[in-house]
$ cat structure33.cif   # mmCIF, C-alpha atoms
data_protein
#
loop_
_atom_site.label_atom_id
_atom_site.label_comp_id
_atom_site.auth_asym_id
_atom_site.auth_seq_id
_atom_site.Cartn_x
_atom_site.Cartn_y
_atom_site.Cartn_z
CA MET S 1 0.00 0.00 0.00
CA ALA S 2 1.24 3.46 -0.83
CA GLN S 3 1.92 5.66 2.16
CA ILE S 4 2.60 9.28 1.42
CA ASP S 5 3.92 11.96 3.70
CA THR S 6 2.64 15.43 2.91
CA ARG S 7 3.70 17.02 6.17
CA GLY S 8 5.03 20.54 5.69
CA MET S 9 3.71 20.81 2.15
CA SER S 10 1.55 23.81 1.33
CA CYS S 11 -1.72 23.92 -0.56
CA PRO S 12 -2.55 22.25 -2.98
CA GLN S 13 0.37 19.82 -2.84
CA PRO S 14 -1.03 17.33 -0.33
CA VAL S 15 -3.97 16.74 -2.69
CA LEU S 16 -1.73 16.64 -5.78
CA MET S 17 0.55 14.07 -4.09
CA THR S 18 -2.50 12.00 -3.14
CA LYS S 19 -3.76 12.16 -6.71
CA LYS S 20 -0.38 11.04 -8.06
CA ALA S 21 -0.17 8.16 -5.60
CA LEU S 22 -3.62 6.99 -6.69
CA GLU S 23 -2.53 7.09 -10.33
CA VAL S 24 0.06 4.44 -9.44
CA ASN S 25 -2.15 2.36 -7.16
CA SER S 26 -5.82 3.28 -7.33
CA ASN S 27 -7.00 0.78 -4.71
CA GLU S 28 -5.76 2.30 -1.51
CA VAL S 29 -3.55 4.98 -0.05
CA THR S 30 -2.54 6.33 3.33
CA VAL S 31 -1.82 10.04 3.59
CA LEU S 32 -0.04 11.78 6.43
CA VAL S 33 -1.01 15.46 6.82
CA ASP S 34 -0.07 18.04 9.43
CA SER S 35 -2.69 20.75 9.12
CA LYS S 36 -6.47 20.89 9.35
CA THR S 37 -6.60 22.54 5.94
CA ALA S 38 -4.63 19.76 4.27
CA LYS S 39 -6.77 17.18 6.11
CA LEU S 40 -10.00 18.73 4.85
CA ASN S 41 -8.66 19.14 1.30
CA VAL S 42 -7.38 15.56 1.04
CA GLU S 43 -10.56 14.14 2.59
CA ARG S 44 -12.73 16.18 0.23
CA TYR S 45 -10.75 14.99 -2.79
CA LEU S 46 -10.96 11.36 -1.70
CA ASN S 47 -14.71 11.69 -1.05
CA LEU S 48 -15.25 13.30 -4.46
CA THR S 49 -13.37 10.49 -6.18
CA GLY S 50 -15.35 7.78 -4.43
CA TYR S 51 -13.08 6.46 -1.69
CA THR S 52 -14.06 5.31 1.77
CA ILE S 53 -11.89 7.14 4.25
CA ASN S 54 -10.82 6.63 7.81
CA THR S 55 -8.93 9.42 9.58
CA VAL S 56 -7.06 9.08 12.86
CA GLU S 57 -5.36 11.87 14.77
CA LEU S 58 -1.84 10.89 15.66
CA ASP S 59 -0.88 11.23 19.32
CA GLY S 60 1.56 13.78 20.53
CA ASP S 61 1.41 16.08 17.56
CA ALA S 62 -1.61 18.34 17.25
CA ASN S 63 -3.06 18.67 13.77
CA THR S 64 -1.25 15.61 12.44
CA PHE S 65 -3.58 13.05 10.92
CA GLU S 66 -3.33 9.80 9.04
CA ILE S 67 -5.99 9.43 6.39
CA SER S 68 -6.54 5.92 5.02
CA ALA S 69 -8.59 5.53 1.88
CA ARG S 70 -9.77 2.51 -0.07
CA LYS S 71 -12.14 1.89 -2.97
CA MET U 1 -18.25 25.56 8.85
CA ASP U 2 -16.42 23.19 6.56
CA SER U 3 -19.58 22.64 4.55
CA LYS U 4 -20.73 24.20 1.30
CA LYS U 5 -23.27 26.21 3.26
CA GLY U 6 -20.42 27.64 5.32
CA ILE U 7 -18.44 28.90 2.36
CA ILE U 8 -21.52 30.34 0.63
CA PHE U 9 -22.43 32.10 3.89
CA THR U 10 -18.89 33.45 4.19
CA GLY U 11 -19.00 34.77 0.62
CA ALA U 12 -22.36 36.39 1.32
CA VAL U 13 -21.08 38.09 4.47
CA ILE U 14 -17.96 39.38 2.68
CA GLY U 15 -19.99 40.67 -0.27
CA ILE U 16 -22.43 42.51 1.99
CA LEU U 17 -19.82 43.78 4.49
CA ALA U 18 -17.76 45.17 1.58
CA VAL U 19 -20.75 47.20 0.41
CA ILE U 20 -21.49 48.37 3.95
CA LEU U 21 -17.88 49.56 4.26
CA VAL U 22 -18.36 51.56 1.05
CA ARG U 23 -21.57 52.97 2.53
CA PHE U 24 -19.54 54.13 5.53
CA GLY U 25 -16.79 55.76 3.49
CA ASN U 26 -14.49 53.28 1.72
CA PRO U 27 -13.98 53.93 -2.04
CA VAL U 28 -16.62 52.33 -4.29
CA ASN U 29 -15.94 48.63 -5.04
CA MET U 30 -13.15 48.80 -2.46
CA GLY U 31 -14.92 47.72 0.70
CA ILE U 32 -12.10 45.23 1.10
CA CYS U 33 -8.99 44.95 -1.07
CA ILE U 34 -6.01 43.19 0.41
CA ALA U 35 -3.46 44.53 -2.10
CA CYS U 36 -4.78 48.11 -1.96
CA PHE U 37 -4.98 48.10 1.83
CA ILE U 38 -1.47 46.70 2.30
CA ARG U 39 -0.33 49.41 -0.14
CA ASP U 40 -2.19 52.10 1.85
CA THR U 41 -0.68 50.87 5.12
CA THR U 42 2.80 50.80 3.54
CA GLY U 43 2.23 54.40 2.47
CA ALA U 44 1.00 55.45 5.91
CA LEU U 45 4.32 54.25 7.28
CA GLY U 46 6.06 56.52 4.77
CA LEU U 47 7.61 53.68 2.78
CA HIS U 48 6.12 55.26 -0.32
CA ARG U 49 5.02 58.87 -0.67
CA ALA U 50 2.01 58.65 -2.99
CA GLU U 51 -0.10 61.11 -1.00
CA VAL U 52 -3.45 59.78 -2.21
CA VAL U 53 -2.97 56.21 -0.94
CA GLN U 54 -1.74 56.44 2.64
CA TYR U 55 -3.81 55.06 5.52
CA ILE U 56 -3.43 52.29 8.08
CA ARG U 57 -6.37 50.11 7.09
CA PRO U 58 -8.11 48.56 10.11
CA GLU U 59 -9.74 45.93 7.88
CA ILE U 60 -6.34 44.23 7.42
CA ILE U 61 -5.65 44.38 11.16
CA GLY U 62 -9.11 42.95 11.89
CA ILE U 63 -8.70 40.10 9.40
CA VAL U 64 -5.34 39.13 10.91
CA LEU U 65 -6.51 39.33 14.54
CA GLY U 66 -9.82 37.58 13.80
CA ALA U 67 -8.03 34.71 12.07
CA PHE U 68 -5.40 34.56 14.82
CA LEU U 69 -7.98 34.36 17.62
CA MET U 70 -9.96 31.72 15.71
CA ALA U 71 -6.90 29.61 14.92
CA PHE U 72 -5.74 29.92 18.51
CA THR U 73 -9.03 28.84 20.08
CA LYS U 74 -9.42 25.99 17.59
CA LYS U 75 -5.85 24.82 18.33
CA GLU U 76 -4.91 25.35 14.69
CA PHE U 77 -2.28 27.97 15.46
CA ASP U 78 0.89 26.23 14.33
CA VAL U 79 4.16 28.07 13.78
CA ARG U 80 5.98 26.99 10.63
CA GLY U 81 8.30 28.40 8.03
CA GLY U 82 11.31 27.75 5.88
CA SER U 83 9.60 26.86 2.61
CA SER U 84 11.59 28.92 0.08
CA PRO U 85 11.28 32.19 2.02
CA PHE U 86 13.02 34.56 -0.40
CA VAL U 87 11.23 33.09 -3.41
CA ARG U 88 7.98 33.75 -1.56
CA PHE U 89 9.06 37.32 -0.87
CA ILE U 90 9.67 37.85 -4.60
CA LEU U 91 6.36 36.17 -5.47
CA GLY U 92 4.54 38.48 -3.05
CA PHE U 93 6.31 41.44 -4.66
CA VAL U 94 5.32 40.32 -8.17
CA VAL U 95 1.70 39.62 -7.18
CA MET U 96 1.50 43.19 -5.87
CA ILE U 97 2.92 44.61 -9.13
CA GLY U 98 0.24 42.68 -11.06
CA ALA U 99 -2.51 43.74 -8.66
CA LEU U 100 -1.53 47.42 -8.89
CA MET U 101 -1.56 47.20 -12.69
CA PHE U 102 -5.16 45.95 -12.53
CA LEU U 103 -5.93 48.14 -9.48
CA GLY U 104 -7.02 45.48 -7.05
CA CYS U 105 -6.27 42.07 -5.61
CA PRO U 106 -8.36 39.06 -6.69
CA LEU U 107 -10.87 39.86 -3.93
CA ARG U 108 -11.35 43.39 -5.23
CA MET U 109 -11.67 41.99 -8.75
CA VAL U 110 -14.63 39.96 -7.51
CA LEU U 111 -16.08 43.01 -5.73
CA ARG U 112 -15.64 45.09 -8.90
CA LEU U 113 -17.60 42.45 -10.82
CA GLY U 114 -20.27 42.75 -8.13
CA GLY U 115 -20.37 46.50 -8.68
CA GLY U 116 -20.93 46.22 -12.42
CA ASP U 117 -17.35 47.21 -13.38
CA LEU U 118 -16.94 45.32 -16.66
CA ASN U 119 -13.20 46.08 -16.82
CA ALA U 120 -12.93 43.39 -14.17
CA LEU U 121 -14.03 40.84 -16.80
CA PHE U 122 -10.66 41.35 -18.51
CA GLY U 123 -9.09 40.95 -15.09
CA LEU U 124 -11.04 37.74 -14.51
CA ALA U 125 -10.00 36.32 -17.88
CA GLY U 126 -6.36 37.17 -17.12
CA PHE U 127 -6.68 35.76 -13.61
CA ALA U 128 -8.00 32.45 -14.97
CA ALA U 129 -5.26 32.36 -17.64
CA GLY U 130 -2.58 32.97 -15.00
CA ILE U 131 -4.03 30.22 -12.82
CA ILE U 132 -4.00 27.77 -15.75
CA VAL U 133 -0.32 28.53 -16.41
CA GLY U 134 0.37 28.00 -12.70
CA ILE U 135 -1.51 24.68 -12.78
CA ILE U 136 0.67 23.46 -15.66
CA PHE U 137 3.72 24.02 -13.47
CA LEU U 138 2.03 22.42 -10.44
CA LYS U 139 1.25 19.34 -12.51
CA SER U 140 4.85 19.25 -13.74
CA GLY U 141 6.13 19.02 -10.16
CA PHE U 142 6.46 22.63 -8.99
CA SER U 143 7.10 22.81 -5.27
CA LEU U 144 8.41 25.42 -2.83
CA LYS U 145 9.50 22.56 -0.52
CA ARG U 146 8.48 21.70 3.01
CA THR U 147 8.00 23.95 6.02
CA TYR U 148 9.52 23.28 9.43
CA LYS U 149 8.34 23.92 12.97
CA LEU U 150 9.56 27.18 14.49
CA SER U 151 9.38 28.77 17.95
CA LYS U 152 5.97 30.01 19.11
CA LEU U 153 7.25 33.58 19.41
CA GLU U 154 7.94 33.77 15.69
CA GLY U 155 4.26 33.09 15.03
CA TYR U 156 3.05 35.64 17.59
CA LEU U 157 5.12 38.45 16.07
CA PHE U 158 2.82 39.07 13.09
CA PRO U 159 -0.39 39.46 15.14
CA MET U 160 1.62 41.65 17.55
CA LEU U 161 2.79 43.78 14.63
CA ASN U 162 -0.84 44.31 13.67
CA VAL U 163 -1.74 45.37 17.21
CA GLY U 164 1.14 47.84 16.96
CA LEU U 165 -0.24 49.18 13.67
CA PHE U 166 -3.62 49.66 15.31
CA VAL U 167 -2.02 51.66 18.13
CA LEU U 168 -0.30 53.84 15.51
CA LEU U 169 -3.63 54.32 13.73
CA LEU U 170 -5.34 55.51 16.93
CA ALA U 171 -2.41 57.57 18.20
CA ALA U 172 -1.69 59.08 14.76
CA PRO U 173 1.79 60.38 15.56
CA VAL U 174 3.27 62.98 13.15
CA PHE U 175 5.48 60.44 11.35
CA ILE U 176 2.44 58.47 10.14
CA PHE U 177 0.92 59.72 6.87
CA PHE U 178 -2.83 59.87 6.29
CA SER U 179 -4.21 60.88 2.90
CA THR U 180 -6.39 63.97 2.85
CA LYS U 181 -7.60 63.31 -0.71
CA GLY U 182 -7.85 60.35 -3.09
CA PRO U 183 -8.73 56.72 -2.29
CA GLY U 184 -6.63 56.78 0.89
CA ALA U 185 -8.85 59.51 2.33
CA GLY U 186 -11.95 57.39 1.73
CA HIS U 187 -12.44 55.15 4.71
CA ALA U 188 -15.11 53.87 7.05
CA PRO U 189 -14.86 54.76 10.76
CA VAL U 190 -12.05 52.85 12.49
CA TRP U 191 -14.18 50.64 14.73
CA ILE U 192 -16.60 49.68 11.96
CA ALA U 193 -13.71 48.77 9.66
CA LEU U 194 -12.00 46.81 12.43
CA ALA U 195 -15.19 44.91 13.28
CA ALA U 196 -15.78 44.07 9.62
CA GLY U 197 -12.20 42.81 9.35
CA LEU U 198 -12.58 40.67 12.48
CA ILE U 199 -15.72 39.02 11.09
CA VAL U 200 -14.02 38.35 7.74
CA GLY U 201 -10.92 36.98 9.47
CA VAL U 202 -12.94 34.58 11.62
CA LEU U 203 -15.06 33.29 8.73
CA VAL U 204 -12.24 32.93 6.22
CA GLN U 205 -10.07 31.13 8.78
CA ARG U 206 -12.85 28.60 9.31
CA THR U 207 -13.80 28.08 5.66
CA ARG U 208 -10.35 28.55 4.02
CA LEU U 209 -11.95 30.80 1.40
CA CYS U 210 -9.41 31.68 -1.31
CA MET U 211 -9.96 33.46 -4.61
CA VAL U 212 -7.20 31.66 -6.48
CA GLY U 213 -8.04 28.33 -4.87
CA GLY U 214 -11.58 28.50 -6.25
CA ILE U 215 -10.61 28.42 -9.91
CA ARG U 216 -7.53 26.26 -9.28
CA ASP U 217 -9.37 23.44 -7.48
CA ALA U 218 -12.26 23.51 -9.96
CA ILE U 219 -9.82 22.92 -12.84
CA LEU U 220 -7.28 20.70 -11.10
CA PHE U 221 -9.50 18.47 -8.97
CA LYS U 222 -13.02 19.22 -10.25
CA ASP U 223 -13.64 20.41 -6.69
CA THR U 224 -16.14 23.28 -6.54
CA TYR U 225 -16.00 23.96 -2.79
CA LEU U 226 -13.90 27.14 -2.86
CA ILE U 227 -15.36 28.57 -6.06
CA LEU U 228 -18.80 28.61 -4.39
CA GLY U 229 -17.45 31.29 -2.06
CA PHE U 230 -16.08 33.24 -5.02
CA ILE U 231 -19.46 33.19 -6.78
CA SER U 232 -21.32 33.96 -3.57
CA ILE U 233 -19.28 37.17 -3.08
CA ILE U 234 -20.17 38.35 -6.60
CA ILE U 235 -23.89 37.67 -6.11
CA PHE U 236 -24.20 39.25 -2.67
CA ALA U 237 -21.98 42.23 -3.51
CA SER U 238 -24.19 42.82 -6.58
CA LEU U 239 -27.34 42.69 -4.45
CA GLY U 240 -25.78 45.00 -1.84
CA ASN U 241 -24.60 47.46 -4.49
CA LEU U 242 -28.04 47.50 -6.10
CA TYR U 243 -29.68 48.07 -2.71
CA PHE U 244 -27.43 51.05 -1.88
CA SER U 245 -27.50 52.32 -5.51
CA PHE U 246 -23.72 51.91 -5.92
CA TYR U 247 -24.23 49.52 -8.84
CA LYS U 248 -22.98 50.92 -12.13
CA LEU U 249 -22.79 48.64 -15.15
CA GLY U 250 -20.19 49.54 -17.79
CA PHE U 251 -16.55 50.19 -18.56
CA THR U 252 -16.05 53.93 -18.18
CA GLY U 253 -16.26 56.10 -15.10
CA GLN U 254 -15.71 53.23 -12.67
CA SER U 255 -14.25 53.87 -9.24
CA VAL U 256 -10.45 53.42 -8.96
CA ALA U 257 -10.23 51.55 -12.29
CA HIS U 258 -8.91 52.07 -15.82
CA VAL U 259 -10.26 50.88 -19.15
CA ASP U 260 -7.11 49.36 -20.71
CA GLY U 261 -8.34 45.79 -21.28
CA LEU U 262 -4.99 44.31 -22.28
CA TRP U 263 -3.20 45.53 -19.15
CA ASN U 264 -6.13 44.65 -16.91
CA PHE U 265 -5.79 41.14 -18.34
CA LEU U 266 -2.00 40.99 -17.97
CA GLY U 267 -1.99 42.49 -14.47
CA MET U 268 -4.37 39.87 -13.15
CA ALA U 269 -2.65 37.09 -15.13
CA LEU U 270 0.53 37.97 -13.24
CA ALA U 271 -1.30 38.07 -9.91
CA GLY U 272 -3.09 34.78 -10.66
CA TRP U 273 0.02 32.90 -11.72
CA GLY U 274 2.02 34.24 -8.76
CA SER U 275 -0.78 33.37 -6.34
CA VAL U 276 -0.99 29.77 -7.59
CA LEU U 277 2.76 29.38 -7.05
CA LEU U 278 2.30 30.79 -3.54
CA GLY U 279 -0.60 28.43 -2.86
CA GLY U 280 -3.17 31.16 -2.19
CA CYS U 281 -4.42 34.65 -2.97
CA PRO U 282 -3.41 37.70 -0.87
CA LEU U 283 -6.44 37.23 1.42
CA ARG U 284 -5.44 33.63 2.07
CA GLN U 285 -1.82 34.70 2.72
CA LEU U 286 -3.07 37.07 5.45
CA ILE U 287 -5.03 34.26 7.10
CA LEU U 288 -2.11 31.82 6.90
CA ALA U 289 0.22 34.48 8.34
CA ALA U 290 -2.19 34.90 11.25
CA GLU U 291 -2.24 31.11 11.80
CA GLY U 292 1.51 31.09 12.37
CA ASN U 293 2.73 30.50 8.81
CA VAL U 294 5.88 32.63 8.73
CA ASP U 295 6.33 32.02 4.99
CA SER U 296 3.07 33.88 4.45
CA VAL U 297 4.35 36.69 6.67
CA ILE U 298 7.36 36.93 4.36
CA THR U 299 4.99 36.95 1.38
CA ILE U 300 3.07 39.89 2.86
CA LEU U 301 6.33 41.75 3.49
CA GLY U 302 7.14 41.08 -0.18
CA MET U 303 3.75 42.53 -1.15
CA SER U 304 4.43 45.56 1.01
CA ALA U 305 7.86 46.06 -0.60
CA GLY U 306 6.23 45.62 -4.02
CA ALA U 307 3.70 48.33 -3.14
CA ALA U 308 6.45 50.70 -2.01
CA PHE U 309 8.41 50.16 -5.24
CA ALA U 310 5.23 50.43 -7.31
CA HIS U 311 4.57 53.94 -6.08
CA ASN U 312 8.17 55.12 -5.73
CA PHE U 313 8.97 54.04 -9.32
CA SER U 314 5.59 54.96 -10.87
CA LEU U 315 4.71 51.34 -11.63
CA ALA U 316 1.14 51.43 -10.32
CA ALA U 317 -1.63 52.17 -12.80
CA SER U 318 -4.10 54.97 -12.14
CA ALA U 319 -7.59 55.85 -13.35
CA GLN U 320 -5.86 57.27 -16.47
CA GLY U 321 -4.41 53.84 -17.27
CA PRO U 322 -1.16 51.95 -16.92
CA SER U 323 2.18 53.77 -16.77
CA PRO U 324 5.04 52.89 -19.17
CA ASN U 325 7.17 51.87 -16.16
CA GLY U 326 4.35 49.68 -14.93
CA LYS U 327 4.13 47.81 -18.23
CA ILE U 328 7.85 47.06 -18.09
CA ALA U 329 7.53 45.94 -14.46
CA VAL U 330 4.70 43.54 -15.33
CA LEU U 331 6.78 42.01 -18.14
CA ILE U 332 9.76 41.63 -15.79
CA GLY U 333 7.32 40.03 -13.35
CA PHE U 334 6.36 37.39 -15.93
CA ALA U 335 10.05 36.64 -16.57
CA LEU U 336 10.65 36.25 -12.82
CA LEU U 337 7.68 33.89 -12.43
CA LEU U 338 8.92 31.78 -15.32
CA LEU U 339 12.37 31.51 -13.73
CA ILE U 340 10.95 30.68 -10.29
CA ALA U 341 8.43 28.19 -11.68
CA TYR U 342 11.02 26.42 -13.85
CA PHE U 343 13.79 26.17 -11.28
CA ASN U 344 11.46 24.79 -8.62
CA LEU U 345 10.27 21.85 -10.69
CA GLU U 346 11.07 18.59 -8.99
CA LYS U 347 11.94 16.03 -11.61
CA ASP U 348 11.54 13.11 -9.26
CA VAL U 349 8.76 13.77 -6.81
CA LYS U 350 9.11 11.14 -4.14
CA ALA U 351 5.62 10.98 -2.79
CA THR U 352 6.40 8.40 -0.19
CA VAL U 353 8.73 7.79 2.68
CA ARG U 354 7.44 4.88 4.64
CA GLY U 355 6.90 1.27 3.72
CA GLY U 356 9.64 1.32 1.12
CA VAL U 357 7.21 2.11 -1.67
CA LYS U 358 8.40 4.87 -3.90
CA ILE U 359 6.06 6.75 -6.10
CA GLY U 360 7.67 8.78 -8.80
CA ALA U 361 6.11 11.71 -10.55
CA ASN U 362 4.51 11.50 -13.99
#

$ encode --input "structure33.cif" --output "structure tokens"
Amino acid sequence: MAQIDTRGMSCPQPVLMTKKALEVNSNEVTVLVDSKTAKLNVERYLNLTGYTINTVELDGDANTFEISARK
Amino acid sequence: MDSKKGIIFTGAVIGILAVILVRFGNPVNMGICIACFIRDTTGALGLHRAEVVQYIRPEIIGIVLGAFLMAFTKKEFDVRGGSSPFVRFILGFVVMIGALMFLGCPLRMVLRLGGGDLNALFGLAGFAAGIIVGIIFLKSGFSLKRTYKLSKLEGYLFPMLNVGLFVLLLAAPVFIFFSTKGPGAGHAPVWIALAAGLIVGVLVQRTRLCMVGGIRDAILFKDTYLILGFISIIIFASLGNLYFSFYKLGFTGQSVAHVDGLWNFLGMALAGWGSVLLGGCPLRQLILAAEGNVDSVITILGMSAGAAFAHNFSLAASAQGPSPNGKIAVLIGFALLLLIAYFNLEKDVKATVRGGVKIGAN
């Protein structure tokens, strides 16, 4: 499964990186984000493109989330 | 407030507040303009001496403090920086040069459309063209690299600076310049302007409204979330302008605008392209700066420097049209964007770090 790290990347790169990862493997992806904005943008993109998502907030680091998506 | 209703509501509030600010004294179709107001504030500090555009604009201060308070209470205040700072400074500078050719930032372009100023259609076409060029570079791997965590103090400095500006506005010491004629002399009462700014700052922080993001996301991801806010501002500003009889459909005789279609197009194309490379329009940069993004602070300082140069070197357009110097500056701006966009392409975008799976670009 592809796991991508978008921490520290500014808008719209987290979504672009997610899109690119899905072009390689369209079944599933895990995206690490470190801002609410990136979280919302990535989740919205995955919702729009028909993925089921599961987001968990990582301990110890506020605003860092791991978004898992699968078809 | 992350819903479509939230962003449409935010657009409606901005559209109506902008008209109310005009009703209370701001120039027509300039209830809120981030580029113009940063330029006015820069002038008030004496960094340029264009006597008609000098005033510390409380709307900017309100937007920053509203967004800061909101980010802080929502635990979204996060101090970061280090993503190509000087490139961002130059991009902010160039965006300002483009905005002052058109006479307004993307937000004012939208407000001008809502006031019936058809010159803004050329601006909109240029803006969209600039965004498309920016998207081509984004798709080819353009990146200004990652940010890093910085000390809390660094993030507090920008909101503190804005509090300081507000003190200067109220105290009005002799070394601060306030226009007595021209657009800079047109302003709503301080507390009304500050309150309007605070409301805008709070709402935009929650909804992430961004003028450049609207068109960008619609093209790049077929995501219409942000563009709903963009459209909502136009509709509600139009209704507000009609209600207060500010609405004036046409090209000539518009407030703080010129009728040179080509340079309206090129000015906004420059601002649009630069804003895509920055990741957000000037309004969004203000919000990010308030949330602790020091790179956006640098971008705003670049915009401020751009404004100072624009008026010291006669680059800014006026109601009579663009200046020869301004045309040259816009062309230099395009050359700079091309250089920055090209040299920040990452040939091999490694999208992954963990699990040993590498995903290349293309």

$ resolve_selection --input "structure33.cif" --expression "the PyMOL selection byres ((chain S and resi 34) around 6)" --output "ChimeraX atom specification"
/S:7,33,35,63-64

$ closest_residue --input "structure33.cif" --among "U:Leu278, U:Val167, U:Ala50, U:Ile176" --to "U:Ile300" --atoms "all atoms listed in the file"
U:Leu278

$ resolve_selection --input "structure33.cif" --expression "the PyMOL selection byres ((chain S and resi 16-23) around 8)" --output "list of chain:residue names"
S:Ala2, S:Ile4, S:Thr6, S:Pro12, S:Gln13, S:Pro14, S:Val15, S:Val24, S:Asn25, S:Ser26, S:Asn27, S:Glu28, S:Val29, S:Val31, S:Val42, U:Lys139, U:Ala351, U:Ile359, U:Ala361, U:Asn362

$ resolve_selection --input "structure33.cif" --expression "the PyMOL selection byres ((chain S) within 6 of (chain U))" --output "MDAnalysis selection string"
chainID S and resid 3:5 8:9 11

$ closest_residue --input "structure33.cif" --among "S:Leu32, S:Thr37, S:Ile67, S:Ser10" --to "S:Thr52" --atoms "all atoms listed in the file"
S:Ile67

$ residues_around --input "structure33.cif" --residues "U:Gly62" --least-positions-apart "5" --cutoff "9 Å" --atoms "all atoms listed in the file" --output "compact mmCIF listing (two decimals) with C-alpha atoms, in the frame of the given file"
# COMPACT_ATOMS: atom_id res chain seq x y z
CA ALA U 67 -8.03 34.71 12.07
CA ASN U 162 -0.84 44.31 13.67
CA ALA U 193 -13.71 48.77 9.66
CA LEU U 194 -12.00 46.81 12.43
CA ALA U 195 -15.19 44.91 13.28
CA ALA U 196 -15.78 44.07 9.62
CA GLY U 197 -12.20 42.81 9.35
CA LEU U 198 -12.58 40.67 12.48
CA ILE U 199 -15.72 39.02 11.09
CA VAL U 200 -14.02 38.35 7.74
CA GLY U 201 -10.92 36.98 9.47

$ closest_atom_pairs --input "structure33.cif" --of "stretch 267-295 of chain U" --to "stretch 26-40 of chain U" --cutoff "9 Å" --atoms "only C-alpha atoms" --output "CSV"
residue,atom,partner,partner_atom,distance
U:Pro282,CA,U:Ile34,CA,6.2
U:Leu283,CA,U:Ile34,CA,6.1
U:Leu286,CA,U:Ile34,CA,8.5

$ atom_distance --input "structure33.cif" --atom1 "atom CA of S:Glu57" --atom2 "atom CA of U:Ala218"
28.2 Å

$ atom_distance --input "structure33.cif" --atom1 "atom CA of U:Gln320" --atom2 "atom CA of U:Ala307"
18.7 Å

$ atom_distance --input "structure33.cif" --atom1 "atom CA of U:Glu51" --atom2 "atom CA of U:Ser179"
5.7 Å

$ residues_around --input "structure33.cif" --residues "stretch 257-264 of chain U" --least-positions-apart "3" --cutoff "6 Å" --atoms "only C-alpha atoms" --output "PyMOL selection string"
chain U and resi 102+122-123+254+267+319+321

$ closest_residue --input "structure33.cif" --among "U:Ala12, U:Ile328, U:Val19, U:Leu337" --to "U:Leu242" --atoms "all atoms listed in the file"
U:Val19

$ residues_around --input "structure33.cif" --residues "stretch 163-166 of chain U" --least-positions-apart "6" --cutoff "10 Å" --atoms "only C-alpha atoms" --output "PyMOL selection string"
chain U and resi 41+45+56-58+60-62+64-65+157+172+190+194

$ axis_aligned_box --input "structure33.cif" --around "stretch 272-289 of chain U" --padding-each-side "4 Å" --output "lines of an AutoDock Vina configuration file"
center_x = -1.8
center_y = 33.1
center_z = -1.7
size_x = 17.2
size_y = 17.3
size_z = 28.1

$ closest_residue --input "structure33.cif" --among "U:Val87, U:Leu17, U:Val22, U:Ile215" --to "U:Ala125" --atoms "only C-alpha atoms"
U:Ile215

$ residues_around --input "structure33.cif" --residues "U:Ala99" --least-positions-apart "4" --cutoff "6 Å" --atoms "all atoms listed in the file" --output "ChimeraX atom specification"
/U:103-105,267,271

$ build_atoms --input "structure33.cif" --residues "stretch 28-38 of chain S" --atoms "N, CA and C atoms" --output "PDB file, in the frame of the given file"
ATOM      1  N   GLU S  28      -5.821   1.739  -2.858  1.00  0.00           N
ATOM      2  CA  GLU S  28      -5.760   2.300  -1.510  1.00  0.00           C
ATOM      3  C   GLU S  28      -4.531   3.180  -1.322  1.00  0.00           C
ATOM      4  N   VAL S  29      -4.652   4.065  -0.345  1.00  0.00           N
ATOM      5  CA  VAL S  29      -3.550   4.980  -0.050  1.00  0.00           C
ATOM      6  C   VAL S  29      -3.680   5.451   1.396  1.00  0.00           C
ATOM      7  N   THR S  30      -2.534   5.730   1.995  1.00  0.00           N
ATOM      8  CA  THR S  30      -2.540   6.330   3.330  1.00  0.00           C
ATOM      9  C   THR S  30      -1.777   7.642   3.240  1.00  0.00           C
ATOM     10  N   VAL S  31      -2.405   8.705   3.713  1.00  0.00           N
ATOM     11  CA  VAL S  31      -1.820  10.040   3.590  1.00  0.00           C
ATOM     12  C   VAL S  31      -1.593  10.651   4.963  1.00  0.00           C
ATOM     13  N   LEU S  32      -0.385  11.111   5.179  1.00  0.00           N
ATOM     14  CA  LEU S  32      -0.040  11.780   6.430  1.00  0.00           C
ATOM     15  C   LEU S  32      -0.102  13.289   6.199  1.00  0.00           C
ATOM     16  N   VAL S  33      -0.917  13.999   6.975  1.00  0.00           N
ATOM     17  CA  VAL S  33      -1.010  15.460   6.820  1.00  0.00           C
ATOM     18  C   VAL S  33      -0.753  16.118   8.175  1.00  0.00           C
ATOM     19  N   ASP S  34      -0.323  17.382   8.144  1.00  0.00           N
ATOM     20  CA  ASP S  34      -0.070  18.040   9.430  1.00  0.00           C
ATOM     21  C   ASP S  34      -0.744  19.404   9.547  1.00  0.00           C
ATOM     22  N   SER S  35      -1.875  19.560   8.854  1.00  0.00           N
ATOM     23  CA  SER S  35      -2.690  20.750   9.120  1.00  0.00           C
ATOM     24  C   SER S  35      -4.145  20.397   8.848  1.00  0.00           C
ATOM     25  N   LYS S  36      -5.037  21.122   9.533  1.00  0.00           N
ATOM     26  CA  LYS S  36      -6.470  20.890   9.350  1.00  0.00           C
ATOM     27  C   LYS S  36      -6.872  21.144   7.897  1.00  0.00           C
ATOM     28  N   THR S  37      -6.260  22.192   7.314  1.00  0.00           N
ATOM     29  CA  THR S  37      -6.600  22.540   5.940  1.00  0.00           C
ATOM     30  C   THR S  37      -6.253  21.401   4.993  1.00  0.00           C
ATOM     31  N   ALA S  38      -5.051  20.863   5.139  1.00  0.00           N
ATOM     32  CA  ALA S  38      -4.630  19.760   4.270  1.00  0.00           C
ATOM     33  C   ALA S  38      -5.533  18.550   4.510  1.00  0.00           C
TER      34      ALA S  38
END
